[in-house]
$ cat work_13.tsv   # TSV, C-alpha atoms (C1' of nucleotides)
chain	number	residue	atom	x	y	z
A	5	MET	CA	0.00	0.00	0.00
A	6	VAL	CA	1.19	3.42	-0.95
A	7	ASN	CA	1.27	6.14	1.66
A	8	SER	CA	-1.70	8.32	2.56
A	9	ARG	CA	-0.36	11.58	1.17
A	10	PHE	CA	-2.62	11.56	-1.83
A	11	SER	CA	-5.63	11.14	0.45
A	12	VAL	CA	-4.42	13.92	2.72
A	13	ALA	CA	-3.76	16.23	-0.21
A	14	ILE	CA	-7.29	15.74	-1.54
A	15	HIS	CA	-8.69	16.28	1.92
A	16	ILE	CA	-6.77	19.54	2.36
A	17	LEU	CA	-7.72	20.86	-1.05
A	18	SER	CA	-11.37	19.96	-0.47
A	19	LEU	CA	-11.34	21.82	2.78
A	20	ILE	CA	-9.82	24.90	1.23
A	21	ALA	CA	-12.30	24.76	-1.63
A	22	THR	CA	-15.33	24.50	0.63
A	23	THR	CA	-14.39	26.97	3.36
A	24	SER	CA	-15.59	30.41	2.41
A	25	ASP	CA	-14.16	32.21	5.44
A	26	LYS	CA	-10.50	31.85	4.49
A	27	SER	CA	-9.31	33.27	7.81
A	28	LEU	CA	-10.43	30.00	9.43
A	29	LEU	CA	-7.96	28.08	7.31
A	30	THR	CA	-4.98	27.66	9.58
A	31	SER	CA	-2.79	24.60	9.52
A	32	ASP	CA	-4.18	23.88	12.98
A	33	PHE	CA	-7.77	23.93	11.78
A	34	ILE	CA	-6.98	21.74	8.81
A	35	ALA	CA	-5.02	19.33	10.98
A	36	GLY	CA	-8.10	19.07	13.20
A	37	SER	CA	-10.20	17.94	10.25
A	38	VAL	CA	-7.59	15.58	8.82
A	39	ASN	CA	-6.72	14.37	12.30
A	40	THR	CA	-3.01	14.81	12.12
A	41	ASN	CA	-0.32	17.21	13.21
A	42	PRO	CA	-0.30	20.82	11.93
A	43	VAL	CA	3.26	20.36	10.74
A	44	VAL	CA	2.22	17.48	8.55
A	45	VAL	CA	-0.38	19.78	7.01
A	46	ARG	CA	2.06	22.63	6.49
A	47	ARG	CA	4.50	20.23	4.91
A	48	MET	CA	1.91	18.98	2.48
A	49	ILE	CA	0.73	22.50	1.75
A	50	GLY	CA	4.29	23.48	0.99
A	51	VAL	CA	4.37	20.80	-1.67
A	52	LEU	CA	1.03	21.83	-3.15
A	53	LYS	CA	2.12	25.44	-3.12
A	54	LYS	CA	5.33	24.62	-4.94
A	55	ALA	CA	3.23	22.91	-7.58
A	56	GLY	CA	1.17	26.07	-7.99
A	57	LEU	CA	-2.11	24.65	-6.72
A	58	LEU	CA	-2.59	27.10	-3.89
A	59	SER	CA	-1.18	30.23	-2.31
A	60	SER	CA	-0.28	31.08	1.26
A	61	HIS	CA	1.48	33.88	3.04
A	62	SER	CA	3.98	33.42	5.81
A	63	GLY	CA	2.56	34.59	9.09
A	64	VAL	CA	-1.00	35.07	7.93
A	65	ALA	CA	-3.83	32.55	8.07
A	66	GLY	CA	-5.72	31.63	4.96
A	67	TYR	CA	-4.96	29.47	1.97
A	68	GLU	CA	-6.43	29.96	-1.46
A	69	LEU	CA	-6.80	27.65	-4.40
A	70	LEU	CA	-5.11	28.88	-7.52
A	71	VAL	CA	-6.92	26.46	-9.79
A	72	GLU	CA	-10.68	26.09	-10.14
A	73	PRO	CA	-11.90	22.79	-8.69
A	74	LYS	CA	-13.45	22.01	-12.06
A	75	LYS	CA	-10.11	22.33	-13.75
A	76	LEU	CA	-8.08	20.56	-11.11
A	77	THR	CA	-7.81	16.91	-12.02
A	78	LEU	CA	-6.83	14.29	-9.52
A	79	LEU	CA	-3.93	13.56	-11.84
A	80	ALA	CA	-2.62	17.10	-11.35
A	81	ILE	CA	-2.85	16.63	-7.60
A	82	TYR	CA	-1.17	13.26	-7.85
A	83	GLN	CA	1.67	14.69	-9.87
A	84	ALA	CA	1.93	17.69	-7.54
A	85	ILE	CA	2.70	15.42	-4.62
A	86	ASP	CA	5.04	13.38	-6.77
A	87	GLY	CA	3.03	10.20	-6.48
A	88	PRO	CA	4.83	7.16	-7.85
A	89	GLU	CA	4.28	6.26	-11.50
A	90	GLN	CA	5.84	2.89	-10.98
A	91	LEU	CA	3.47	1.30	-8.56
A	92	PHE	CA	5.35	-1.90	-8.08
A	93	ALA	CA	8.99	-2.16	-7.19
A	94	ILE	CA	11.13	-4.30	-9.45
A	95	HIS	CA	13.77	-6.31	-7.69
A	96	ASP	CA	17.32	-5.10	-8.27
A	97	GLU	CA	19.88	-6.72	-10.47
A	98	PRO	CA	18.38	-9.99	-11.56
A	99	ASN	CA	21.06	-12.27	-12.92
A	100	PRO	CA	22.02	-11.25	-16.46
A	101	ALA	CA	23.47	-14.70	-17.04
A	102	CYS	CA	19.95	-16.07	-16.98
A	103	ALA	CA	17.57	-15.68	-19.90
A	104	VAL	CA	14.74	-14.68	-17.62
A	105	GLY	CA	16.88	-12.51	-15.36
A	106	ARG	CA	18.26	-10.64	-18.32
A	107	GLU	CA	14.91	-9.53	-19.70
A	108	ILE	CA	12.53	-9.51	-16.79
A	109	GLN	CA	13.07	-5.93	-15.76
A	110	HIS	CA	12.27	-4.57	-19.17
A	111	THR	CA	9.24	-6.81	-19.46
A	112	LEU	CA	7.91	-5.85	-16.06
A	113	GLU	CA	8.36	-2.20	-16.88
A	114	ASP	CA	6.09	-2.66	-19.88
A	115	VAL	CA	3.51	-4.41	-17.77
A	116	TYR	CA	3.62	-1.72	-15.10
A	117	THR	CA	3.52	1.05	-17.66
A	118	SER	CA	0.27	-0.29	-19.06
A	119	ILE	CA	-1.14	-0.38	-15.56
A	120	TRP	CA	0.00	3.17	-14.89
A	121	GLN	CA	-1.61	4.36	-18.12
A	122	ALA	CA	-4.94	2.90	-17.06
A	123	MET	CA	-4.62	4.51	-13.66
A	124	LYS	CA	-3.67	7.78	-15.21
A	125	GLU	CA	-6.84	7.83	-17.28
A	126	GLN	CA	-8.90	7.40	-14.14
A	127	LEU	CA	-7.06	10.18	-12.38
A	128	GLN	CA	-7.39	12.43	-15.39
A	129	ALA	CA	-11.11	11.80	-15.61
A	130	GLN	CA	-11.88	13.02	-12.12
A	131	THR	CA	-11.56	16.55	-10.79
A	132	LEU	CA	-11.59	18.09	-7.37
A	133	GLN	CA	-15.08	19.32	-8.22
A	134	ASP	CA	-16.22	15.73	-8.62
A	135	VAL	CA	-14.89	15.01	-5.17
A	136	LEU	CA	-16.68	18.06	-3.77
A	137	ASP	CA	-19.91	16.95	-5.39
A	138	GLN	CA	-19.60	13.55	-3.79
A	139	LEU	CA	-18.90	15.09	-0.42
A	140	ARG	CA	-22.15	17.00	-0.47
A	141	THR	CA	-24.35	14.00	-1.18
B	29	MET	CA	5.71	2.32	-4.12
B	30	VAL	CA	4.41	-1.09	-3.35
B	31	ASN	CA	6.84	-3.90	-2.56
B	32	SER	CA	8.58	-6.03	-5.15
B	33	ARG	CA	6.78	-9.27	-4.39
B	34	PHE	CA	4.64	-9.13	-7.49
B	35	SER	CA	7.76	-8.71	-9.60
B	36	VAL	CA	9.49	-11.56	-7.84
B	37	ALA	CA	6.46	-13.80	-8.19
B	38	ILE	CA	6.30	-13.20	-11.93
B	39	HIS	CA	10.03	-13.81	-12.22
B	40	ILE	CA	9.78	-17.09	-10.36
B	41	LEU	CA	6.82	-18.32	-12.37
B	42	SER	CA	8.53	-17.36	-15.62
B	43	LEU	CA	11.57	-19.28	-14.63
B	44	ILE	CA	9.57	-22.36	-13.77
B	45	ALA	CA	7.64	-22.10	-17.02
B	46	THR	CA	10.74	-21.82	-19.18
B	47	THR	CA	12.97	-24.37	-17.52
B	48	SER	CA	12.39	-27.76	-19.06
B	49	ASP	CA	14.79	-29.66	-16.82
B	50	LYS	CA	12.77	-29.39	-13.66
B	51	SER	CA	15.51	-30.91	-11.54
B	52	LEU	CA	17.44	-27.65	-11.98
B	53	LEU	CA	14.71	-25.76	-10.22
B	54	THR	CA	15.94	-25.47	-6.69
B	55	SER	CA	15.27	-22.45	-4.52
B	56	ASP	CA	18.98	-21.80	-4.73
B	57	PHE	CA	18.97	-21.72	-8.51
B	58	ILE	CA	15.93	-19.47	-8.64
B	59	ALA	CA	17.44	-17.19	-6.02
B	60	GLY	CA	20.48	-16.89	-8.25
B	61	SER	CA	18.38	-15.62	-11.11
B	62	VAL	CA	16.25	-13.29	-9.01
B	63	ASN	CA	19.30	-12.20	-7.07
B	64	THR	CA	17.97	-12.74	-3.61
B	65	ASN	CA	18.13	-15.25	-0.81
B	66	PRO	CA	16.85	-18.81	-1.30
B	67	VAL	CA	14.63	-18.40	1.72
B	68	VAL	CA	12.92	-15.44	0.13
B	69	VAL	CA	12.21	-17.64	-2.86
B	70	ARG	CA	10.93	-20.53	-0.78
B	71	ARG	CA	8.70	-18.17	1.13
B	72	MET	CA	7.21	-16.78	-2.05
B	73	ILE	CA	6.83	-20.25	-3.51
B	74	GLY	CA	4.99	-21.29	-0.39
B	75	VAL	CA	2.47	-18.52	-1.05
B	76	LEU	CA	2.09	-19.44	-4.73
B	77	LYS	CA	1.70	-23.09	-3.79
B	78	LYS	CA	-1.00	-22.29	-1.28
B	79	ALA	CA	-2.82	-20.45	-4.05
B	80	GLY	CA	-2.63	-23.55	-6.23
B	81	LEU	CA	-0.38	-22.09	-8.90
B	82	LEU	CA	2.41	-24.60	-8.54
B	83	SER	CA	3.43	-27.81	-6.82
B	84	SER	CA	6.52	-28.76	-4.90
B	85	HIS	CA	7.64	-31.64	-2.77
B	86	SER	CA	9.51	-31.33	0.46
B	87	GLY	CA	13.04	-32.56	0.09
B	88	VAL	CA	13.04	-32.92	-3.67
B	89	ALA	CA	14.10	-30.36	-6.22
B	90	GLY	CA	11.72	-29.25	-8.96
B	91	TYR	CA	8.68	-27.07	-9.05
B	92	GLU	CA	5.87	-27.42	-11.53
B	93	LEU	CA	3.24	-25.04	-12.73
B	94	LEU	CA	-0.28	-26.23	-12.13
B	95	VAL	CA	-1.83	-23.70	-14.49
B	96	GLU	CA	-0.98	-23.25	-18.15
B	97	PRO	CA	0.83	-19.96	-18.76
B	98	LYS	CA	-1.87	-19.05	-21.27
B	99	LYS	CA	-4.53	-19.39	-18.63
B	100	LEU	CA	-2.62	-17.77	-15.82
B	101	THR	CA	-3.51	-14.09	-15.74
B	102	LEU	CA	-1.39	-11.57	-13.94
B	103	LEU	CA	-4.46	-10.84	-11.89
B	104	ALA	CA	-4.48	-14.40	-10.61
B	105	ILE	CA	-0.84	-14.03	-9.63
B	106	TYR	CA	-1.54	-10.70	-8.02
B	107	GLN	CA	-4.36	-12.16	-6.00
B	108	ALA	CA	-2.29	-15.20	-5.10
B	109	ILE	CA	0.27	-13.04	-3.40
B	110	ASP	CA	-2.46	-11.00	-1.78
B	111	GLY	CA	-1.53	-7.77	-3.50
B	112	PRO	CA	-3.38	-4.76	-2.14
B	113	GLU	CA	-6.64	-3.74	-3.78
B	114	GLN	CA	-6.58	-0.42	-2.04
B	115	LEU	CA	-3.51	1.15	-3.51
B	116	PHE	CA	-3.57	4.33	-1.51
B	117	ALA	CA	-3.87	4.51	2.22
B	118	ILE	CA	-6.63	6.68	3.60
B	119	HIS	CA	-5.74	8.59	6.71
B	120	ASP	CA	-7.43	7.35	9.86
B	121	GLU	CA	-10.26	8.97	11.66
B	122	PRO	CA	-10.76	12.30	9.96
B	123	ASN	CA	-12.83	14.58	12.15
B	124	PRO	CA	-16.53	13.66	11.92
B	125	ALA	CA	-17.46	17.11	13.20
B	126	CYS	CA	-16.26	18.53	9.91
B	127	ALA	CA	-18.29	18.27	6.72
B	128	VAL	CA	-15.27	17.23	4.73
B	129	GLY	CA	-13.85	14.97	7.42
B	130	ARG	CA	-17.14	13.16	7.74
B	131	GLU	CA	-17.43	12.14	4.11
B	132	ILE	CA	-13.92	12.09	2.75
B	133	GLN	CA	-13.18	8.46	3.52
B	134	HIS	CA	-16.19	7.21	1.64
B	135	THR	CA	-15.48	9.51	-1.28
B	136	LEU	CA	-11.86	8.46	-1.50
B	137	GLU	CA	-12.87	4.83	-1.41
B	138	ASP	CA	-14.98	5.42	-4.49
B	139	VAL	CA	-12.11	7.15	-6.25
B	140	TYR	CA	-9.69	4.39	-5.36
B	141	THR	CA	-12.13	1.70	-6.33
B	142	SER	CA	-12.39	3.13	-9.83
B	143	ILE	CA	-8.63	3.13	-10.07
B	144	TRP	CA	-8.42	-0.43	-8.86
B	145	GLN	CA	-11.00	-1.52	-11.43
B	146	ALA	CA	-8.91	-0.04	-14.22
B	147	MET	CA	-5.81	-1.75	-12.89
B	148	LYS	CA	-7.67	-4.99	-12.56
B	149	GLU	CA	-8.62	-4.92	-16.20
B	150	GLN	CA	-5.00	-4.54	-17.18
B	151	LEU	CA	-3.96	-7.39	-14.94
B	152	GLN	CA	-6.75	-9.55	-16.26
B	153	ALA	CA	-5.78	-8.84	-19.84
B	154	GLN	CA	-2.23	-10.13	-19.54
B	155	THR	CA	-1.14	-13.68	-18.91
B	156	LEU	CA	2.09	-15.30	-17.92
B	157	GLN	CA	2.34	-16.43	-21.53
B	158	ASP	CA	2.38	-12.80	-22.64
B	159	VAL	CA	5.25	-12.21	-20.27
B	160	LEU	CA	7.09	-15.25	-21.62
B	161	ASP	CA	6.59	-14.02	-25.17
B	162	GLN	CA	8.08	-10.68	-24.29
B	163	LEU	CA	11.03	-12.32	-22.61
B	164	ARG	CA	11.97	-14.14	-25.79
B	165	THR	CA	12.04	-11.06	-27.96
C	23	DC	C1'	5.35	44.82	21.05
C	24	DC	C1'	2.56	40.74	21.32
C	25	DT	C1'	-0.14	37.13	19.68
C	26	DG	C1'	-0.85	33.96	16.31
C	27	DT	C1'	0.65	32.22	12.18
C	28	DT	C1'	3.72	30.05	8.41
C	29	DG	C1'	7.85	27.59	6.94
C	30	DT	C1'	11.41	24.28	8.00
C	31	DA	C1'	14.82	21.60	10.14
C	32	DA	C1'	15.67	17.98	13.11
C	33	DC	C1'	14.50	14.13	15.52
C	34	DC	C1'	11.79	9.95	16.95
C	35	DA	C1'	8.60	5.83	17.06
C	36	DT	C1'	6.48	2.57	14.39
C	37	DT	C1'	6.16	-0.39	10.73
C	38	DA	C1'	7.18	-2.81	6.39
C	39	DT	C1'	10.44	-5.03	3.74
C	40	DA	C1'	13.62	-8.16	2.52
C	41	DG	C1'	17.67	-10.42	3.82
C	42	DT	C1'	19.78	-13.90	6.93
C	43	DT	C1'	20.67	-17.72	10.19
C	44	DA	C1'	19.21	-21.84	11.87
C	45	DC	C1'	17.23	-26.11	11.87
C	46	DA	C1'	13.73	-29.89	11.52
C	47	DG	C1'	12.35	-33.14	8.36
C	48	DG	C1'	11.82	-35.34	3.68
C	49	DT	C1'	14.09	-37.77	-0.52
C	50	DG	C1'	16.81	-40.61	-3.00
C	51	DC	C1'	21.14	-42.49	-4.12
C	52	DA	C1'	25.80	-44.60	-3.18
D	23	DT	C1'	22.11	-47.29	6.25
D	24	DG	C1'	24.18	-43.04	5.89
D	25	DC	C1'	24.93	-39.00	3.43
D	26	DA	C1'	24.25	-35.09	0.56
D	27	DC	C1'	20.83	-32.19	-0.84
D	28	DC	C1'	16.61	-30.36	-0.72
D	29	DT	C1'	12.12	-28.01	1.24
D	30	DG	C1'	9.52	-25.60	4.76
D	31	DT	C1'	9.40	-22.47	8.44
D	32	DA	C1'	10.51	-19.86	12.52
D	33	DA	C1'	13.10	-16.28	14.34
D	34	DC	C1'	16.01	-12.53	14.13
D	35	DT	C1'	18.16	-8.29	11.95
D	36	DA	C1'	19.28	-4.19	9.11
D	37	DT	C1'	17.38	-0.71	6.46
D	38	DA	C1'	14.15	2.43	4.92
D	39	DA	C1'	9.67	4.76	4.71
D	40	DT	C1'	6.17	6.95	7.04
D	41	DG	C1'	4.05	10.02	9.85
D	42	DG	C1'	4.15	12.32	14.19
D	43	DT	C1'	6.54	15.67	17.19
D	44	DT	C1'	9.45	19.39	19.07
D	45	DA	C1'	11.63	23.48	18.23
D	46	DC	C1'	12.35	27.77	16.40
D	47	DA	C1'	13.13	31.59	13.06
D	48	DA	C1'	10.57	34.88	10.51
D	49	DC	C1'	6.44	37.35	9.35
D	50	DA	C1'	1.83	40.00	9.81
D	51	DG	C1'	-1.39	42.78	11.91
D	52	DG	C1'	-3.74	44.74	15.73

$ encode --input "work_13.tsv" --output "structure tokens"
Amino acid sequence: MVNSRFSVAIHILSLIATTSDKSLLTSDFIAGSVNTNPVVVRRMIGVLKKAGLLSSHSGVAGYELLVEPKKLTLLAIYQAIDGPEQLFAIHDEPNPACAVGREIQHTLEDVYTSIWQAMKEQLQAQTLQDVLDQLRT
Amino acid sequence: MVNSRFSVAIHILSLIATTSDKSLLTSDFIAGSVNTNPVVVRRMIGVLKKAGLLSSHSGVAGYELLVEPKKLTLLAIYQAIDGPEQLFAIHDEPNPACAVGREIQHTLEDVYTSIWQAMKEQLQAQTLQDVLDQLRT
DNA sequence: CCTGTTGTAACCATTATAGTTACAGGTGCA
DNA sequence: TGCACCTGTAACTATAATGGTTACAACAGG
């Protein structure tokens, strides 16, 4: 299982998108909703900020989305947090003296690339707005 | 990134499928190709055996596939090794007092389920035989 | 100036992973 | 029968990832 950063990132962005009073949006408040430590939130926000998804100002509460929820695909979020494109690790240095060992890495990469492509399509097809819509129902 | 067990499992099964002299197939030999420890191989083989994909006999060298490579989908292998169906962890106990916190888990599960379905289709579409064919080229 | 906030570095506890040692017990051959 | 070789499995270890935590410098605004 991959880590929970993608889940946390979506949670944070959803919270920012749905909170109209931006002054409420402190890392402490967000951490309370996510149920984690404020530093974990600030760390994640730093990453999302670097990717251009939101803005923040040192010393002052309030985060703002820089991309409309409708235009923010889950893929963009995934890439912002540098989610892995190779989902499965390939064991190091199989024996090149063996016919299978020599070619297995390349073959597995092809298999995993096809899986990643399928995943990517799913991530591309869903936006933060879709998530927000589901939250409301 | 998920662990390398899926990769190792495919490597092991490929090796068994392509080695005609079954008496060569000791955990030591396989470990040499995978480049790991024989115990790691025997452990993995134990899992694959439990899933009915191959047979082995205590004390005697030689493993045999119990399913034709053409009929052995990567999905079956994936399920044999108990690969995760939830690829992304969802953070525990978001705050139920918050509108987002209350619903986010359920929403994320839906998102991740759609991703898993897409992955599943890819895994279902490829067989061990496809892997073997790619190894030869 | 003081309070509350962000941004970061540093550190820690927990867990997963895979490698390793060790050994009991089966197999088959000299 | 004894030996060499194998499987199966338990137990332990080193390493790395993850997420939580403490600490603090710097900033903003009343």

$ residues_around --input "work_13.tsv" --residues "A:Leu69" --least-positions-apart "4" --cutoff "8 Å" --atoms "all atoms listed in the file" --output "ChimeraX atom specification"
/A:17,20-21,57-59

$ closest_atom_pairs --input "work_13.tsv" --of "chain B" --to "chain D" --cutoff "7 Å" --atoms "all atoms listed in the file" --output "Markdown table"
| residue | atom | partner | partner_atom | distance |
| --- | --- | --- | --- | --- |
| B:Ser86 | CA | D:DT29 | C1' | 4.3 |
| B:Gly87 | CA | D:DC28 | C1' | 4.3 |
| B:Val88 | CA | D:DC28 | C1' | 5.3 |
| B:Ala89 | CA | D:DC28 | C1' | 6.0 |

$ atom_distance --input "work_13.tsv" --atom1 "atom CA of A:Arg9" --atom2 "atom CA of B:Asp120"
12.0 Å

$ residues_around --input "work_13.tsv" --residues "stretch 152-161 of chain B" --least-positions-apart "4" --cutoff "8 Å" --atoms "only C-alpha atoms (C1' of nucleotides)" --output "list in words"
Thr111 of chain A; Ile38, Leu41, Ser42, Thr46, Pro97, Lys98, Lys99, Leu100, Thr101, Leu102, Leu103, Ala104, Lys148 and Thr165 of chain B

$ interface_residues --input "work_13.tsv" --of "chain B" --to "chain C" --cutoff "12 Å" --atoms "only C-alpha atoms (C1' of nucleotides)" --output "list in words"
Met29, Val30, Asn31, Ser32, Arg33, Val36, Ala59, Asn63, Thr64, Asn65, Pro66, Val67, Val68, Val69, Arg71, Met72, His85, Ser86, Gly87, Val88 and Ala89 of chain B

$ atom_distance --input "work_13.tsv" --atom1 "atom CA of A:Gln90" --atom2 "atom CA of A:Thr117"
7.3 Å

$ closest_atom_pairs --input "work_13.tsv" --of "chain B" --to "chain A" --cutoff "8 Å" --atoms "all atoms listed in the file" --output "Markdown table"
| residue | atom | partner | partner_atom | distance |
| --- | --- | --- | --- | --- |
| B:Met29 | CA | A:Leu91 | CA | 5.1 |
| B:Val30 | CA | A:Phe92 | CA | 4.9 |
| B:Asn31 | CA | A:Ala93 | CA | 5.4 |
| B:Ser32 | CA | A:Ala93 | CA | 4.4 |
| B:Arg33 | CA | A:Ala93 | CA | 8.0 |
| B:Phe34 | CA | A:Phe92 | CA | 7.3 |
| B:Ser35 | CA | A:Ile94 | CA | 5.6 |
| B:Val36 | CA | A:His95 | CA | 6.8 |
| B:His39 | CA | A:Ile108 | CA | 6.8 |
| B:Ser42 | CA | A:Val104 | CA | 7.1 |
| B:Leu43 | CA | A:Val104 | CA | 6.3 |
| B:Gly60 | CA | A:Asn99 | CA | 6.6 |
| B:Ser61 | CA | A:Asn99 | CA | 4.7 |
| B:Val62 | CA | A:Pro98 | CA | 4.7 |
| B:Asn63 | CA | A:Pro98 | CA | 5.1 |
| B:Pro112 | CA | A:Met5 | CA | 6.2 |
| B:Gln114 | CA | A:Met5 | CA | 6.9 |
| B:Leu115 | CA | A:Met5 | CA | 5.1 |
| B:Phe116 | CA | A:Val6 | CA | 4.9 |
| B:Ala117 | CA | A:Ser8 | CA | 4.4 |
| B:Ile118 | CA | A:Ser8 | CA | 5.3 |
| B:His119 | CA | A:Ser8 | CA | 5.8 |
| B:Asp120 | CA | A:Asn39 | CA | 7.5 |
| B:Glu121 | CA | A:Asn39 | CA | 6.5 |
| B:Pro122 | CA | A:Val38 | CA | 4.7 |
| B:Asn123 | CA | A:Ser37 | CA | 4.7 |
| B:Pro124 | CA | A:Ser37 | CA | 7.8 |
| B:Ala125 | CA | A:Ser37 | CA | 7.9 |
| B:Cys126 | CA | A:Ser37 | CA | 6.1 |
| B:Ala127 | CA | A:Leu139 | CA | 7.8 |
| B:Val128 | CA | A:Leu19 | CA | 6.3 |
| B:Gly129 | CA | A:Ser37 | CA | 5.5 |
| B:Glu131 | CA | A:Leu139 | CA | 5.6 |
| B:Ile132 | CA | A:Leu139 | CA | 6.6 |
| B:Thr135 | CA | A:Gln138 | CA | 6.3 |
| B:Leu136 | CA | A:Ser11 | CA | 7.1 |
| B:Ser142 | CA | A:Gln126 | CA | 7.0 |
| B:Ile143 | CA | A:Met123 | CA | 5.6 |
| B:Trp144 | CA | A:Met123 | CA | 7.9 |
| B:Ala146 | CA | A:Ala122 | CA | 5.7 |
| B:Met147 | CA | A:Ile119 | CA | 5.6 |
| B:Gln150 | CA | A:Ile119 | CA | 5.9 |
| B:Leu151 | CA | A:Ile119 | CA | 7.6 |
| B:Val159 | CA | A:Thr111 | CA | 6.8 |
| B:Gln162 | CA | A:Thr111 | CA | 6.3 |
| B:Leu163 | CA | A:Glu107 | CA | 5.6 |

$ write_last_selection --input "work_13.tsv" --atoms "C-alpha atoms" --output "PDB file, in the coordinates of the input"
ATOM      1  CA  MET B  29       5.710   2.320  -4.120  1.00  0.00           C
ATOM      2  CA  VAL B  30       4.410  -1.090  -3.350  1.00  0.00           C
ATOM      3  CA  ASN B  31       6.840  -3.900  -2.560  1.00  0.00           C
ATOM      4  CA  SER B  32       8.580  -6.030  -5.150  1.00  0.00           C
ATOM      5  CA  ARG B  33       6.780  -9.270  -4.390  1.00  0.00           C
ATOM      6  CA  PHE B  34       4.640  -9.130  -7.490  1.00  0.00           C
ATOM      7  CA  SER B  35       7.760  -8.710  -9.600  1.00  0.00           C
ATOM      8  CA  VAL B  36       9.490 -11.560  -7.840  1.00  0.00           C
ATOM      9  CA  HIS B  39      10.030 -13.810 -12.220  1.00  0.00           C
ATOM     10  CA  SER B  42       8.530 -17.360 -15.620  1.00  0.00           C
ATOM     11  CA  LEU B  43      11.570 -19.280 -14.630  1.00  0.00           C
ATOM     12  CA  GLY B  60      20.480 -16.890  -8.250  1.00  0.00           C
ATOM     13  CA  SER B  61      18.380 -15.620 -11.110  1.00  0.00           C
ATOM     14  CA  VAL B  62      16.250 -13.290  -9.010  1.00  0.00           C
ATOM     15  CA  ASN B  63      19.300 -12.200  -7.070  1.00  0.00           C
ATOM     16  CA  PRO B 112      -3.380  -4.760  -2.140  1.00  0.00           C
ATOM     17  CA  GLN B 114      -6.580  -0.420  -2.040  1.00  0.00           C
ATOM     18  CA  LEU B 115      -3.510   1.150  -3.510  1.00  0.00           C
ATOM     19  CA  PHE B 116      -3.570   4.330  -1.510  1.00  0.00           C
ATOM     20  CA  ALA B 117      -3.870   4.510   2.220  1.00  0.00           C
ATOM     21  CA  ILE B 118      -6.630   6.680   3.600  1.00  0.00           C
ATOM     22  CA  HIS B 119      -5.740   8.590   6.710  1.00  0.00           C
ATOM     23  CA  ASP B 120      -7.430   7.350   9.860  1.00  0.00           C
ATOM     24  CA  GLU B 121     -10.260   8.970  11.660  1.00  0.00           C
ATOM     25  CA  PRO B 122     -10.760  12.300   9.960  1.00  0.00           C
ATOM     26  CA  ASN B 123     -12.830  14.580  12.150  1.00  0.00           C
ATOM     27  CA  PRO B 124     -16.530  13.660  11.920  1.00  0.00           C
ATOM     28  CA  ALA B 125     -17.460  17.110  13.200  1.00  0.00           C
ATOM     29  CA  CYS B 126     -16.260  18.530   9.910  1.00  0.00           C
ATOM     30  CA  ALA B 127     -18.290  18.270   6.720  1.00  0.00           C
ATOM     31  CA  VAL B 128     -15.270  17.230   4.730  1.00  0.00           C
ATOM     32  CA  GLY B 129     -13.850  14.970   7.420  1.00  0.00           C
ATOM     33  CA  GLU B 131     -17.430  12.140   4.110  1.00  0.00           C
ATOM     34  CA  ILE B 132     -13.920  12.090   2.750  1.00  0.00           C
ATOM     35  CA  THR B 135     -15.480   9.510  -1.280  1.00  0.00           C
ATOM     36  CA  LEU B 136     -11.860   8.460  -1.500  1.00  0.00           C
ATOM     37  CA  SER B 142     -12.390   3.130  -9.830  1.00  0.00           C
ATOM     38  CA  ILE B 143      -8.630   3.130 -10.070  1.00  0.00           C
ATOM     39  CA  TRP B 144      -8.420  -0.430  -8.860  1.00  0.00           C
ATOM     40  CA  ALA B 146      -8.910  -0.040 -14.220  1.00  0.00           C
ATOM     41  CA  MET B 147      -5.810  -1.750 -12.890  1.00  0.00           C
ATOM     42  CA  GLN B 150      -5.000  -4.540 -17.180  1.00  0.00           C
ATOM     43  CA  LEU B 151      -3.960  -7.390 -14.940  1.00  0.00           C
ATOM     44  CA  VAL B 159       5.250 -12.210 -20.270  1.00  0.00           C
ATOM     45  CA  GLN B 162       8.080 -10.680 -24.290  1.00  0.00           C
ATOM     46  CA  LEU B 163      11.030 -12.320 -22.610  1.00  0.00           C
TER      47      LEU B 163
END

$ atom_distance --input "work_13.tsv" --atom1 "atom CA of B:Glu96" --atom2 "atom CA of B:Asp56"
24.1 Å

$ decode --input "work_13.tsv" --residues "stretch 104-108 of chain B" --atoms "N, CA, C and O atoms" --output "JSON list (two decimals), in the first residue's frame"
[["chain", "number", "residue", "atom", "x", "y", "z"],
["B", 104, "ALA", "N", -4.48, -13.22, -11.48],
["B", 104, "ALA", "CA", -4.48, -14.40, -10.61],
["B", 104, "ALA", "C", -3.22, -14.45, -9.77],
["B", 104, "ALA", "O", -3.25, -14.80, -8.59],
["B", 105, "ILE", "N", -2.10, -14.06, -10.37],
["B", 105, "ILE", "CA", -0.84, -14.03, -9.63],
["B", 105, "ILE", "C", -0.91, -12.96, -8.54],
["B", 105, "ILE", "O", -0.54, -13.19, -7.40],
["B", 106, "TYR", "N", -1.42, -11.82, -8.96],
["B", 106, "TYR", "CA", -1.54, -10.70, -8.02],
["B", 106, "TYR", "C", -2.39, -11.10, -6.82],
["B", 106, "TYR", "O", -2.04, -10.82, -5.67],
["B", 107, "GLN", "N", -3.49, -11.76, -7.09],
["B", 107, "GLN", "CA", -4.36, -12.16, -6.00],
["B", 107, "GLN", "C", -3.73, -13.27, -5.17],
["B", 107, "GLN", "O", -3.94, -13.36, -3.96],
["B", 108, "ALA", "N", -2.96, -14.12, -5.83],
["B", 108, "ALA", "CA", -2.29, -15.20, -5.10],
["B", 108, "ALA", "C", -1.36, -14.66, -4.03],
["B", 108, "ALA", "O", -1.27, -15.18, -2.93]]
